[in-house]
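Engineer: Handing over data.cif, mmCIF, C-alpha atoms.
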data_my_file
loop_
_atom_site.label_atom_id
_atom_site.label_comp_id
_atom_site.auth_asym_id
_atom_site.auth_seq_id
_atom_site.Cartn_x
_atom_site.Cartn_y
_atom_site.Cartn_z
CA MET H 1 -27.08 -51.43 101.82
CA SER H 2 -23.45 -52.34 102.49
CA PRO H 3 -20.87 -49.56 103.07
CA GLY H 4 -18.98 -50.79 99.97
CA ARG H 5 -21.96 -50.25 97.65
CA LEU H 6 -22.69 -46.87 99.25
CA GLY H 7 -19.11 -45.83 98.54
CA THR H 8 -19.34 -46.98 94.92
CA ARG H 9 -22.57 -45.09 94.41
CA ALA H 10 -20.99 -41.97 95.91
CA VAL H 11 -17.99 -42.30 93.61
CA ALA H 12 -20.25 -42.72 90.59
CA GLY H 13 -22.28 -39.70 91.67
CA LEU H 14 -19.14 -37.63 92.07
CA LEU H 15 -17.97 -38.65 88.58
CA CYS H 16 -21.32 -37.57 87.17
CA VAL H 17 -21.03 -34.19 88.87
CA LEU H 18 -17.50 -33.74 87.52
CA GLY H 19 -18.74 -34.68 84.06
CA VAL H 20 -21.49 -32.07 84.22
CA LEU H 21 -19.04 -29.39 85.36
CA VAL H 22 -16.50 -30.08 82.60
CA SER H 23 -19.21 -30.32 79.93
CA ALA H 24 -20.79 -27.11 81.19
CA TYR H 25 -17.42 -25.34 80.95
CA LEU H 26 -16.93 -26.52 77.36
CA THR H 27 -20.48 -25.47 76.52
CA LEU H 28 -19.85 -21.98 77.85
CA VAL H 29 -16.62 -21.71 75.86
CA GLU H 30 -18.42 -22.73 72.68
CA VAL H 31 -21.48 -20.54 73.28
CA THR H 32 -19.42 -17.44 74.06
CA GLN H 33 -17.31 -18.11 70.92
CA GLY H 34 -14.00 -17.88 72.69
CA ARG H 35 -14.77 -14.91 74.93
CA LEU H 36 -14.51 -17.28 77.92
CA PRO H 37 -10.84 -18.28 77.95
CA LEU H 38 -10.12 -21.91 77.16
CA ALA H 39 -7.56 -23.26 79.63
CA CYS H 40 -5.89 -25.68 77.28
CA PRO H 41 -2.37 -25.83 75.83
CA THR H 42 -1.74 -25.76 72.10
CA VAL H 43 1.17 -28.16 71.78
CA GLY H 44 1.66 -30.65 69.00
CA VAL H 45 -1.56 -32.56 68.48
CA ILE H 46 -3.19 -30.98 71.53
CA ASN H 47 -5.42 -28.17 70.34
CA CYS H 48 -8.71 -27.77 72.18
CA GLU H 49 -9.77 -24.76 70.09
CA ARG H 50 -9.40 -26.73 66.89
CA VAL H 51 -11.54 -29.58 68.22
CA LEU H 52 -14.20 -27.33 69.73
CA THR H 53 -14.57 -25.30 66.53
CA SER H 54 -14.59 -28.30 64.18
CA PRO H 55 -17.70 -29.50 62.34
CA GLN H 56 -17.59 -32.56 64.59
CA SER H 57 -18.16 -30.41 67.67
CA THR H 58 -21.88 -30.20 67.00
CA PHE H 59 -24.63 -32.71 66.30
CA GLY H 60 -26.91 -30.70 64.09
CA PRO H 61 -27.53 -27.48 66.01
CA VAL H 62 -26.57 -29.01 69.38
CA PRO H 63 -23.02 -28.58 70.69
CA VAL H 64 -21.57 -31.92 71.77
CA PRO H 65 -20.79 -30.69 75.32
CA VAL H 66 -24.54 -30.11 75.79
CA LEU H 67 -25.11 -33.76 74.91
CA GLY H 68 -22.46 -34.55 77.49
CA ILE H 69 -24.33 -32.63 80.18
CA ALA H 70 -27.50 -34.53 79.27
CA TRP H 71 -25.71 -37.88 79.45
CA PHE H 72 -24.22 -37.26 82.89
CA VAL H 73 -27.51 -35.87 84.27
CA VAL H 74 -29.52 -38.85 83.01
CA LEU H 75 -26.99 -41.31 84.39
CA GLY H 76 -27.05 -39.49 87.71
CA ALA H 77 -30.83 -39.83 87.79
CA LEU H 78 -30.56 -43.54 87.00
CA LEU H 79 -28.08 -43.91 89.85
CA ILE H 80 -30.49 -42.27 92.27
CA ALA H 81 -33.35 -44.52 91.06
CA ARG H 82 -32.11 -47.65 92.70
CA GLY H 83 -33.11 -51.17 92.00
CA ALA H 84 -32.63 -54.08 89.66
CA GLY H 85 -34.75 -54.91 86.64
CA ILE H 86 -35.70 -52.11 84.27
CA VAL H 87 -33.64 -49.43 86.05
CA ALA H 88 -30.47 -51.54 85.97
CA THR H 89 -31.08 -52.37 82.31
CA LEU H 90 -31.59 -48.71 81.42
CA ARG H 91 -28.49 -47.77 83.37
CA SER H 92 -26.36 -50.33 81.50
CA ALA H 93 -27.80 -49.35 78.12
CA TRP H 94 -27.22 -45.65 78.82
CA ALA H 95 -23.64 -46.32 79.90
CA LEU H 96 -22.94 -48.34 76.75
CA ALA H 97 -24.46 -45.64 74.56
CA GLY H 98 -22.15 -43.08 76.18
CA LEU H 99 -19.15 -45.32 75.61
CA ALA H 100 -20.08 -45.75 71.95
CA PHE H 101 -20.22 -41.99 71.51
CA VAL H 102 -16.84 -41.64 73.24
CA LEU H 103 -15.28 -44.08 70.78
CA TYR H 104 -16.74 -42.10 67.87
CA PHE H 105 -15.39 -38.83 69.25
CA VAL H 106 -11.92 -40.30 69.76
CA TYR H 107 -12.02 -41.43 66.11
CA ALA H 108 -13.19 -37.95 65.03
CA GLU H 109 -10.38 -36.25 66.97
CA LEU H 110 -7.69 -38.52 65.54
CA PHE H 111 -8.82 -38.85 61.94
CA LEU H 112 -11.23 -36.03 61.08
CA VAL H 113 -10.04 -33.12 63.17
CA GLY H 114 -6.40 -34.11 63.58
CA ALA H 115 -6.19 -32.71 67.09
CA ILE H 116 -6.95 -33.77 70.65
CA CYS H 117 -8.90 -31.75 73.20
CA VAL H 118 -7.68 -32.25 76.77
CA TRP H 119 -11.01 -31.38 78.36
CA CYS H 120 -12.86 -33.68 75.97
CA THR H 121 -10.48 -36.46 76.97
CA VAL H 122 -11.31 -35.81 80.63
CA THR H 123 -15.02 -36.32 79.90
CA HIS H 124 -14.22 -39.42 77.85
CA LEU H 125 -12.35 -40.91 80.81
CA LEU H 126 -15.25 -40.04 83.14
CA VAL H 127 -17.69 -41.82 80.82
CA PHE H 128 -15.36 -44.82 80.61
CA ALA H 129 -15.00 -45.03 84.40
CA LEU H 130 -18.76 -44.73 84.92
CA CYS H 131 -19.35 -47.40 82.32
CA LEU H 132 -17.06 -49.77 84.21
CA LEU H 133 -18.78 -49.01 87.50
CA VAL H 134 -22.24 -49.58 86.03
CA LEU H 135 -21.34 -52.77 84.20
CA GLY H 136 -19.18 -54.07 87.03
CA GLY H 137 -22.23 -55.04 89.05
CA THR H 138 -21.20 -53.00 92.07
CA LEU H 139 -24.34 -50.89 91.93
CA PRO H 140 -27.66 -52.39 93.06
CA MET G 1 -23.45 -88.57 112.68
CA ALA G 2 -24.12 -89.02 108.95
CA LYS G 3 -27.43 -87.21 109.38
CA ARG G 4 -25.63 -84.27 111.09
CA ARG G 5 -23.01 -84.18 108.28
CA ARG G 6 -25.75 -84.09 105.63
CA ALA G 7 -27.50 -81.27 107.46
CA GLU G 8 -24.25 -79.26 107.69
CA GLN G 9 -23.52 -79.86 103.98
CA SER G 10 -27.03 -78.79 103.08
CA LYS G 11 -26.55 -75.58 105.12
CA ARG G 12 -23.19 -74.85 103.36
CA ASP G 13 -24.78 -75.43 99.91
CA SER G 14 -27.59 -73.05 100.78
CA GLN G 15 -25.12 -70.34 101.86
CA ASP G 16 -23.08 -70.79 98.66
CA ALA G 17 -26.21 -70.40 96.53
CA LYS G 18 -27.03 -67.11 98.27
CA LYS G 19 -23.52 -65.78 97.51
CA VAL G 20 -23.85 -66.59 93.80
CA GLY G 21 -27.38 -65.12 93.59
CA PRO G 22 -30.00 -65.78 90.94
CA ALA G 23 -28.68 -67.70 87.99
CA GLY G 24 -25.08 -66.89 88.91
CA ALA G 25 -25.68 -63.24 87.94
CA ARG G 26 -23.18 -61.69 90.38
CA ARG G 27 -20.31 -63.90 89.10
CA SER G 28 -20.94 -62.88 85.41
CA ARG G 29 -21.26 -59.04 85.98
CA PRO G 30 -17.53 -58.23 86.47
CA SER G 31 -16.90 -60.10 83.19
CA ALA G 32 -19.19 -57.65 81.36
CA ALA G 33 -17.16 -54.70 82.64
CA VAL G 34 -13.89 -56.41 81.75
CA LEU G 35 -15.11 -57.30 78.26
CA VAL G 36 -16.57 -53.90 77.47
CA GLY G 37 -13.73 -51.95 79.09
CA GLY G 38 -11.07 -54.10 77.51
CA GLY G 39 -12.78 -53.90 74.14
CA ALA G 40 -13.01 -50.13 74.29
CA LEU G 41 -9.35 -49.78 75.22
CA LEU G 42 -8.39 -52.12 72.39
CA ILE G 43 -10.36 -50.06 69.87
CA VAL G 44 -8.71 -46.85 71.07
CA ALA G 45 -5.28 -48.49 70.93
CA ILE G 46 -5.89 -49.62 67.35
CA MET G 47 -6.95 -46.11 66.36
CA VAL G 48 -3.89 -44.55 67.97
CA VAL G 49 -1.55 -47.03 66.28
CA ALA G 50 -3.23 -46.47 62.92
CA LYS G 51 -2.89 -42.72 63.33
CA VAL G 52 0.64 -42.56 64.72
CA VAL G 53 2.48 -45.51 63.22
CA ILE G 54 0.84 -45.54 59.81
CA PRO G 55 0.18 -41.84 59.00
CA HIS G 56 -0.38 -42.53 55.31
CA THR G 57 -3.50 -44.57 56.03
CA LEU G 58 -5.22 -41.32 55.21
CA GLN G 59 -3.59 -39.31 52.44
CA SER G 60 -5.35 -36.18 53.46
CA ALA G 61 -7.16 -35.32 56.68
CA SER G 62 -10.15 -33.69 55.05
CA ALA G 63 -12.85 -32.39 57.35
CA GLY G 64 -15.59 -33.32 54.93
CA PRO G 65 -17.72 -31.68 52.26
CA VAL G 66 -18.37 -27.96 52.45
CA PRO G 67 -21.63 -27.36 54.34
CA PRO G 68 -24.27 -25.55 52.25
CA ALA G 69 -24.16 -22.47 54.50
CA VAL G 70 -20.40 -22.08 54.03
CA GLN G 71 -20.67 -22.71 50.28
CA HIS G 72 -23.38 -20.08 49.99
CA ALA G 73 -21.40 -17.56 52.02
CA VAL G 74 -18.30 -17.78 49.82
CA GLU G 75 -20.26 -17.91 46.55
CA SER G 76 -22.65 -15.08 47.34
CA VAL G 77 -20.85 -12.27 49.13
CA PRO G 78 -23.28 -9.32 49.02
CA PRO G 79 -22.08 -6.70 46.49
CA SER G 80 -22.61 -3.99 49.09
CA VAL G 81 -20.20 -5.75 51.45
CA ALA G 82 -17.57 -6.21 48.74
CA ALA G 83 -17.94 -2.56 47.75
CA ALA G 84 -17.69 -1.33 51.34
CA ILE G 85 -14.49 -3.31 51.90
CA GLY G 86 -12.65 -2.62 48.63
CA PRO G 87 -9.06 -3.83 49.01
CA GLY G 88 -9.65 -4.10 52.77
CA THR G 89 -6.57 -5.01 54.77
CA ALA G 90 -5.14 -7.28 52.07
CA ARG G 91 -1.53 -6.73 51.12
CA GLY G 92 -1.45 -6.92 47.35
CA LEU G 93 1.54 -9.08 46.46
CA PHE G 94 0.92 -9.17 42.72
CA THR G 95 3.86 -8.82 40.35
CA PRO G 96 3.15 -7.99 36.70
CA ILE G 97 5.04 -10.08 34.17
CA GLY G 98 4.90 -9.45 30.48
CA ALA G 99 4.97 -12.97 29.10
CA GLY G 100 1.98 -13.09 26.83
CA THR G 101 -1.18 -14.87 27.97
CA LEU G 102 -1.02 -18.43 29.18
CA ARG G 103 -4.08 -20.26 27.91
CA GLY G 104 -5.72 -23.46 29.03
CA GLN G 105 -8.65 -25.60 28.02
CA GLY G 106 -10.91 -23.98 25.45
CA GLY G 107 -8.37 -21.23 24.89
CA LEU G 108 -9.33 -19.56 28.15
CA PRO G 109 -6.75 -17.62 30.17
CA ARG G 110 -5.22 -20.12 32.55
CA ILE G 111 -4.76 -19.50 36.26
CA VAL G 112 -2.27 -21.85 37.89
CA TYR G 113 -2.22 -22.32 41.66
CA VAL G 114 0.53 -24.27 43.41
CA GLY G 115 0.17 -24.98 47.10
CA SER G 116 -0.05 -27.73 49.67
CA GLU G 117 -2.61 -28.74 52.25
CA TYR G 118 -0.14 -28.51 55.16
CA CYS G 119 0.74 -24.90 54.36
CA PRO G 120 -0.97 -22.32 56.62
CA TYR G 121 -0.49 -19.43 54.16
CA CYS G 122 -2.11 -21.53 51.43
CA ALA G 123 -4.92 -22.20 53.91
CA ALA G 124 -5.46 -18.48 54.37
CA MET G 125 -5.33 -17.70 50.63
CA ARG G 126 -7.80 -20.39 49.57
CA TRP G 127 -10.61 -18.40 51.19
CA PRO G 128 -10.24 -15.30 48.96
CA MET G 129 -9.42 -17.49 45.99
CA VAL G 130 -12.68 -19.41 46.33
CA VAL G 131 -14.63 -16.18 46.84
CA ALA G 132 -13.02 -14.53 43.80
CA LEU G 133 -13.18 -17.52 41.46
CA SER G 134 -16.81 -18.12 42.44
CA ARG G 135 -17.54 -14.79 40.75
CA PHE G 136 -16.29 -16.22 37.43
CA GLY G 137 -17.42 -19.83 37.66
CA ARG G 138 -18.34 -22.66 39.99
CA PHE G 139 -16.43 -25.18 42.06
CA GLU G 140 -17.51 -28.80 42.37
CA GLY G 141 -16.19 -31.25 44.93
CA LEU G 142 -14.61 -28.70 47.25
CA GLN G 143 -13.81 -30.16 50.65
CA LEU G 144 -13.07 -28.52 53.96
CA SER G 145 -9.60 -29.06 55.31
CA HIS G 146 -7.02 -27.51 57.60
CA SER G 147 -3.31 -26.77 57.58
CA ALA G 148 -0.91 -29.08 59.40
CA ILE G 149 -1.40 -29.26 63.13
CA ASP G 150 2.33 -29.40 63.78
CA ASP G 151 3.26 -26.30 61.79
CA GLN G 152 2.98 -22.59 62.59
CA PHE G 153 -0.64 -21.35 62.67
CA PRO G 154 -1.62 -24.99 63.35
CA GLY G 155 -4.85 -26.30 61.97
CA THR G 156 -5.88 -23.16 60.06
CA PRO G 157 -9.35 -24.00 58.71
CA THR G 158 -9.62 -23.87 54.95
CA PHE G 159 -10.66 -25.71 51.81
CA THR G 160 -8.64 -28.10 49.73
CA PHE G 161 -8.54 -28.04 45.94
CA HIS G 162 -7.55 -31.71 45.91
CA ARG G 163 -10.16 -33.68 43.92
CA SER G 164 -12.17 -30.56 43.15
CA SER G 165 -13.08 -29.22 39.73
CA TYR G 166 -13.82 -25.74 38.47
CA GLN G 167 -16.04 -24.72 35.56
CA SER G 168 -16.03 -21.25 34.07
CA ALA G 169 -16.72 -19.54 30.78
CA TYR G 170 -13.99 -16.98 31.45
CA VAL G 171 -10.92 -18.65 32.96
CA ALA G 172 -9.36 -22.09 33.27
CA PHE G 173 -8.27 -22.70 36.85
CA THR G 174 -5.79 -25.51 37.46
CA PRO G 175 -4.85 -25.95 41.12
CA VAL G 176 -2.13 -28.28 42.35
CA GLU G 177 -1.98 -29.38 45.98
CA LYS G 178 1.50 -30.84 46.06
CA GLU G 179 1.39 -32.34 49.54
CA SER G 180 -1.26 -33.23 52.09
CA ASN G 181 -1.60 -32.16 55.70
CA VAL G 182 -0.85 -35.66 56.96
CA GLY G 183 2.69 -36.31 58.07
CA ALA G 184 5.19 -35.29 60.70
CA ASN G 185 8.43 -33.36 61.21
CA GLY G 186 8.03 -31.33 58.06
CA ARG G 187 7.49 -34.31 55.77
CA TYR G 188 4.03 -34.69 54.30
CA VAL G 189 2.36 -37.26 52.10
CA PRO G 190 2.69 -36.29 48.40
CA LEU G 191 -0.67 -35.64 46.75
CA GLU G 192 -0.49 -34.16 43.26
CA SER G 193 2.20 -33.49 40.66
CA LEU G 194 2.61 -30.50 38.38
CA ASP G 195 2.10 -31.07 34.68
CA PRO G 196 4.87 -29.81 32.33
CA VAL G 197 3.24 -26.40 31.82
CA GLU G 198 2.63 -25.90 35.53
CA SER G 199 6.15 -27.04 36.32
CA GLU G 200 7.67 -24.56 33.87
CA VAL G 201 5.51 -21.70 35.13
CA PHE G 202 6.32 -22.50 38.76
CA SER G 203 10.08 -22.86 38.26
CA THR G 204 10.30 -19.80 36.00
CA TYR G 205 8.13 -17.25 37.74
CA ASP G 206 8.41 -18.30 41.39
CA ALA G 207 12.07 -17.43 41.15
CA PRO G 208 14.28 -14.36 40.68
CA PRO G 209 13.90 -11.81 39.21
CA PHE G 210 10.14 -12.12 39.79
CA VAL G 211 10.42 -12.98 43.48
CA PRO G 212 13.31 -12.51 45.93
CA ALA G 213 15.81 -15.36 45.97
CA THR G 214 14.83 -16.16 49.58
CA ASP G 215 11.24 -16.74 48.41
CA ALA G 216 12.04 -18.89 45.38
CA LEU G 217 9.59 -21.78 44.92
CA ALA G 218 7.59 -20.62 47.94
CA ILE G 219 3.93 -21.49 48.21
CA PRO G 220 1.21 -20.49 47.73
CA PHE G 221 2.04 -19.38 44.23
CA ILE G 222 -0.54 -18.20 41.71
CA ASP G 223 0.10 -17.41 38.07
CA PHE G 224 -2.65 -15.36 36.43
CA ALA G 225 -2.23 -16.38 32.79
CA ASN G 226 1.41 -15.20 32.81
CA ARG G 227 0.14 -11.62 33.19
CA PHE G 228 0.58 -11.47 36.96
CA ILE G 229 2.02 -13.70 39.62
CA PHE G 230 1.25 -13.82 43.31
CA SER G 231 3.45 -15.43 45.94
CA GLY G 232 2.71 -15.69 49.66
CA ALA G 233 -0.39 -14.64 51.54
CA SER G 234 -2.09 -11.26 51.55
CA PHE G 235 -3.06 -11.63 55.20
CA SER G 236 -1.89 -13.58 58.19
CA PRO G 237 -3.52 -16.96 58.91
CA ASP G 238 -3.79 -15.65 62.47
CA VAL G 239 -6.92 -13.78 61.32
CA LEU G 240 -8.67 -17.15 61.07
CA LYS G 241 -7.33 -18.55 64.34
CA GLY G 242 -9.80 -20.30 66.59
CA LEU G 243 -12.66 -19.97 64.11
CA SER G 244 -14.58 -22.78 62.50
CA PRO G 245 -15.34 -22.68 58.76
CA ALA G 246 -18.93 -21.80 59.65
CA GLN G 247 -17.80 -18.90 61.83
CA ILE G 248 -15.45 -17.61 59.12
CA ALA G 249 -18.24 -17.82 56.55
CA ALA G 250 -20.63 -15.97 58.86
CA ARG G 251 -18.16 -13.11 59.26
CA LEU G 252 -17.80 -12.61 55.49
CA SER G 253 -21.05 -10.66 55.37
CA ASP G 254 -19.92 -8.21 58.06
CA PRO G 255 -17.79 -5.49 56.44
CA GLY G 256 -16.55 -4.42 59.88
CA SER G 257 -15.08 -7.82 60.78
CA GLU G 258 -11.36 -8.43 60.55
CA VAL G 259 -12.05 -11.68 58.68
CA ALA G 260 -14.14 -9.96 55.98
CA ARG G 261 -11.70 -7.09 55.53
CA ALA G 262 -8.86 -9.58 55.00
CA VAL G 263 -10.65 -12.27 52.97
CA ILE G 264 -13.00 -10.09 50.90
CA GLY G 265 -10.30 -7.44 50.47
CA SER G 266 -7.97 -10.08 49.08
CA ALA G 267 -10.77 -11.57 46.97
CA ASN G 268 -11.46 -8.14 45.47
CA ASP G 269 -7.77 -7.79 44.55
CA ILE G 270 -7.78 -11.25 42.92
CA THR G 271 -11.02 -10.41 41.12
CA ALA G 272 -9.53 -7.21 39.72
CA VAL G 273 -6.47 -9.07 38.44
CA ILE G 274 -8.64 -11.70 36.79
CA CYS G 275 -10.68 -8.91 35.19
CA VAL G 276 -7.48 -7.52 33.65
CA VAL G 277 -6.71 -10.97 32.29
CA THR G 278 -10.25 -11.55 30.92
CA ALA G 279 -10.54 -8.02 29.48
CA ASP G 280 -13.33 -7.22 31.92
CA ALA G 281 -15.45 -10.29 31.35
CA PRO G 282 -18.03 -10.79 32.77
CA SER G 283 -19.08 -7.16 32.94
CA SER G 284 -21.44 -7.87 35.84
CA VAL G 285 -18.36 -8.54 37.95
CA CYS G 286 -15.64 -6.45 36.36
CA ARG G 287 -17.67 -3.25 35.89
CA ASP G 288 -18.33 -3.01 39.62
CA PRO G 289 -16.95 0.40 40.72
CA ALA G 290 -15.00 -1.12 43.63
CA ILE G 291 -13.37 -3.66 41.32
CA GLN G 292 -12.70 -1.04 38.67
CA LEU G 293 -10.90 1.14 41.20
CA ILE G 294 -8.57 -1.70 42.15
CA GLU G 295 -8.22 -2.84 38.54
CA ARG G 296 -6.87 0.55 37.44
CA ARG G 297 -3.91 -0.01 39.73
CA PHE G 298 -3.14 -3.39 38.18
CA SER G 299 -3.84 -2.25 34.61
CA THR G 300 -1.26 0.50 34.97
CA ALA G 301 1.24 -1.91 36.44
CA SER G 302 0.81 -4.49 33.68
CA HIS G 303 1.51 -2.11 30.81
#
Is it possible to give me this structure as structure tokens?
Structural biologist:
Amino acid sequence: MSPGRLGTRAVAGLLCVLGVLVSAYLTLVEVTQGRLPLACPTVGVINCERVLTSPQSTFGPVPVPVLGIAWFVVLGALLIARGAGIVATLRSAWALAGLAFVLYFVYAELFLVGAICVWCTVTHLLVFALCLLVLGGTLP
Amino acid sequence: MAKRRRAEQSKRDSQDAKKVGPAGARRSRPSAAVLVGGGALLIVAIMVVAKVVIPHTLQSASAGPVPPAVQHAVESVPPSVAAAIGPGTARGLFTPIGAGTLRGQGGLPRIVYVGSEYCPYCAAMRWPMVVALSRFGRFEGLQLSHSAIDDQFPGTPTFTFHRSSYQSAYVAFTPVEKESNVGANGRYVPLESLDPVESEVFSTYDAPPFVPATDALAIPFIDFANRFIFSGASFSPDVLKGLSPAQIAARLSDPGSEVARAVIGSANDITAVICVVTADAPSSVCRDPAIQLIERRFSTASH
């Protein structure tokens, strides 16, 4: 494998790890019902508490950050499982599914909740970057 | 010479084919990333423009219908909890006024509420109002909402009375949400207008000598059939800070929680006032010892 592709894979892996860490932090905040401090400013439209306590912060009984952890872990596994064909297809499909969810959550923040969560935006950007890396054809 | 040139050309063509790969796949892959990435950014940009530049695309940022668990919690507060709390930590801001009995549809005593969706104190007061009024009737079409995100106590979770209806055999409840929670810099999208009766009640009784001059026309304002008025909030919206509607509803059944002592305490006060207005109907609600204790205070004040 070329050094360039190795570097890209490492970057993607690092982004997955970051995504898991941020999602895990948000999960802990939600599970402890605010006892774990939320490091997020409340200024203008930025209000992490409002977003994380909104009805849109869960899918049924599952907090959205938990879904985020699952997404990053699965993508990480698909990155480790190298190869073209079915693995590459699954990787692309998984990335696109994540991006679709990100677009829904941005809509929910803007129009349903009326506030933006900084940490959620960080995970959205991580998903977006990983999607570009996966679809950009730089991973074998 | 020509043979050597053909061989070299053939070698170059073979190398070019290897670079492109099977069916030109490597050349098309960056395009997929550009298309998808560009498309996603475009969608986000459209959403941001729609939200920021055209705020009236949504009159009211409702958070959706009231989940069954929340509806049940506000409609069915255990009597033991209500009794244990009594007036709780609510600050009773009721002023008796001796102006006869304002009646509404069916000749029922009429309760007029004037508020706005952006208003955080209205957001706080809608919780005890829904709890209290649910003891005398039933709401239909209630939606979850929140106060303005750019005001004090931003995004206080609450209900909205906009597009809701209320049915009761004891009182006629006519809420008016004057403005929505969508807007900026203190200007919000108008929602509902007061009818002539509501307008007269609001301008007459939300003014001196019934309220201080500095509080004239303040919201929330509630007129209990011209027997009592209420202006302001009986507890701080800070009590609800950081909680979702589901979390608030869950705390209503815990008499030790700050939320319950504020919301249920205020609801008990409102219930007692309504009982004075309805002459203790229904007895299943108004004959409750905890309500009777509070009601005696208001009965004395109204005579």
Engineer: List the residues sitting within 12 Å of (-24.3, -49.7, 81.3) in the file's frame, using only C-alpha atoms, as a PyMOL selection string.
Structural biologist: (chain H and resi 75+78-79+87-100+127-139) or (chain G and resi 29+32-33+36-37)
Engineer: So what do you get for atom CA of H:Leu14 versus atom CA of H:Ile86, distance-wise?
Structural biologist: 23.3 Å
Engineer: How would you write, as a VMD selection string, the residues chosen by the PyMOL selection byres ((chain H and resi 39) around 9) on this structure?
Structural biologist: chain H and resid 37 to 38 40 to 41 48 119
Engineer: Looking at all atoms listed in the file, which of H:Val17, H:Leu126, H:Ala70, H:Ala108 is the one that sits closest to chain G?
Structural biologist: H:Ala108
Engineer: List the spatial neighbours of G:Pro157 as a PDB file with C-alpha atoms, in the coordinates of the input - criterion: any atom at most 10 Å away, all atoms listed in the file, same-chain residues fewer than 5 positions off excluded.
Structural biologist:
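Dumped everything to out_0.pdb:
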ATOM      1  CA  ARG H  50      -9.400 -26.730  66.890  1.00  0.00           C
ATOM      2  CA  THR H  53     -14.570 -25.300  66.530  1.00  0.00           C
ATOM      3  CA  SER H  54     -14.590 -28.300  64.180  1.00  0.00           C
TER       4      SER H  54
ATOM      5  CA  ALA G  63     -12.850 -32.390  57.350  1.00  0.00           C
ATOM      6  CA  PRO G 120      -0.970 -22.320  56.620  1.00  0.00           C
ATOM      7  CA  ALA G 123      -4.920 -22.200  53.910  1.00  0.00           C
ATOM      8  CA  ALA G 124      -5.460 -18.480  54.370  1.00  0.00           C
ATOM      9  CA  ARG G 126      -7.800 -20.390  49.570  1.00  0.00           C
ATOM     10  CA  TRP G 127     -10.610 -18.400  51.190  1.00  0.00           C
ATOM     11  CA  LEU G 144     -13.070 -28.520  53.960  1.00  0.00           C
ATOM     12  CA  SER G 145      -9.600 -29.060  55.310  1.00  0.00           C
ATOM     13  CA  HIS G 146      -7.020 -27.510  57.600  1.00  0.00           C
ATOM     14  CA  SER G 147      -3.310 -26.770  57.580  1.00  0.00           C
ATOM     15  CA  ALA G 148      -0.910 -29.080  59.400  1.00  0.00           C
ATOM     16  CA  PRO G 237      -3.520 -16.960  58.910  1.00  0.00           C
ATOM     17  CA  LEU G 240      -8.670 -17.150  61.070  1.00  0.00           C
ATOM     18  CA  LYS G 241      -7.330 -18.550  64.340  1.00  0.00           C
ATOM     19  CA  GLY G 242      -9.800 -20.300  66.590  1.00  0.00           C
ATOM     20  CA  LEU G 243     -12.660 -19.970  64.110  1.00  0.00           C
ATOM     21  CA  SER G 244     -14.580 -22.780  62.500  1.00  0.00           C
ATOM     22  CA  PRO G 245     -15.340 -22.680  58.760  1.00  0.00           C
ATOM     23  CA  ALA G 246     -18.930 -21.800  59.650  1.00  0.00           C
ATOM     24  CA  ILE G 248     -15.450 -17.610  59.120  1.00  0.00           C
TER      25      ILE G 248
END
Engineer: Can you work out which one of H:Val45, H:Leu125, H:Ala10, H:Val62 has the shortest atom-to-atom distance to H:Leu103, counting only C-alpha atoms?
Structural biologist: H:Leu125
Engineer: Restricting the calculation to all atoms listed in the file, which member of H:Leu26, H:Ile116, H:Leu18, H:Val11 is positioned closest to chain G?
Structural biologist: H:Ile116
Engineer: Quick one: apply the PyMOL selection byres ((chain H and resi 51) around 9) to the file and drop the selected residues here as a list in words.
Structural biologist: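 Given this file, the PyMOL selection byres ((chain H and resi 51) around 9) evaluates to Asn47, Cys48, Glu49, Arg50, Leu52, Thr53, Ser54, Pro55, Gln56, Ser57, Glu109, Val113, Gly114, Ala115, Ile116, Cys117 and Cys120 of chain H.
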Engineer: Grab the residues selected above and save them as a PDB file, in the coordinates of the input with C-alpha atoms.
Structural biologist:
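Ended up saving to out_32.pdb:
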ATOM      1  CA  ASN H  47      -5.420 -28.170  70.340  1.00  0.00           C
ATOM      2  CA  CYS H  48      -8.710 -27.770  72.180  1.00  0.00           C
ATOM      3  CA  GLU H  49      -9.770 -24.760  70.090  1.00  0.00           C
ATOM      4  CA  ARG H  50      -9.400 -26.730  66.890  1.00  0.00           C
ATOM      5  CA  LEU H  52     -14.200 -27.330  69.730  1.00  0.00           C
ATOM      6  CA  THR H  53     -14.570 -25.300  66.530  1.00  0.00           C
ATOM      7  CA  SER H  54     -14.590 -28.300  64.180  1.00  0.00           C
ATOM      8  CA  PRO H  55     -17.700 -29.500  62.340  1.00  0.00           C
ATOM      9  CA  GLN H  56     -17.590 -32.560  64.590  1.00  0.00           C
ATOM     10  CA  SER H  57     -18.160 -30.410  67.670  1.00  0.00           C
ATOM     11  CA  GLU H 109     -10.380 -36.250  66.970  1.00  0.00           C
ATOM     12  CA  VAL H 113     -10.040 -33.120  63.170  1.00  0.00           C
ATOM     13  CA  GLY H 114      -6.400 -34.110  63.580  1.00  0.00           C
ATOM     14  CA  ALA H 115      -6.190 -32.710  67.090  1.00  0.00           C
ATOM     15  CA  ILE H 116      -6.950 -33.770  70.650  1.00  0.00           C
ATOM     16  CA  CYS H 117      -8.900 -31.750  73.200  1.00  0.00           C
ATOM     17  CA  CYS H 120     -12.860 -33.680  75.970  1.00  0.00           C
TER      18      CYS H 120
END
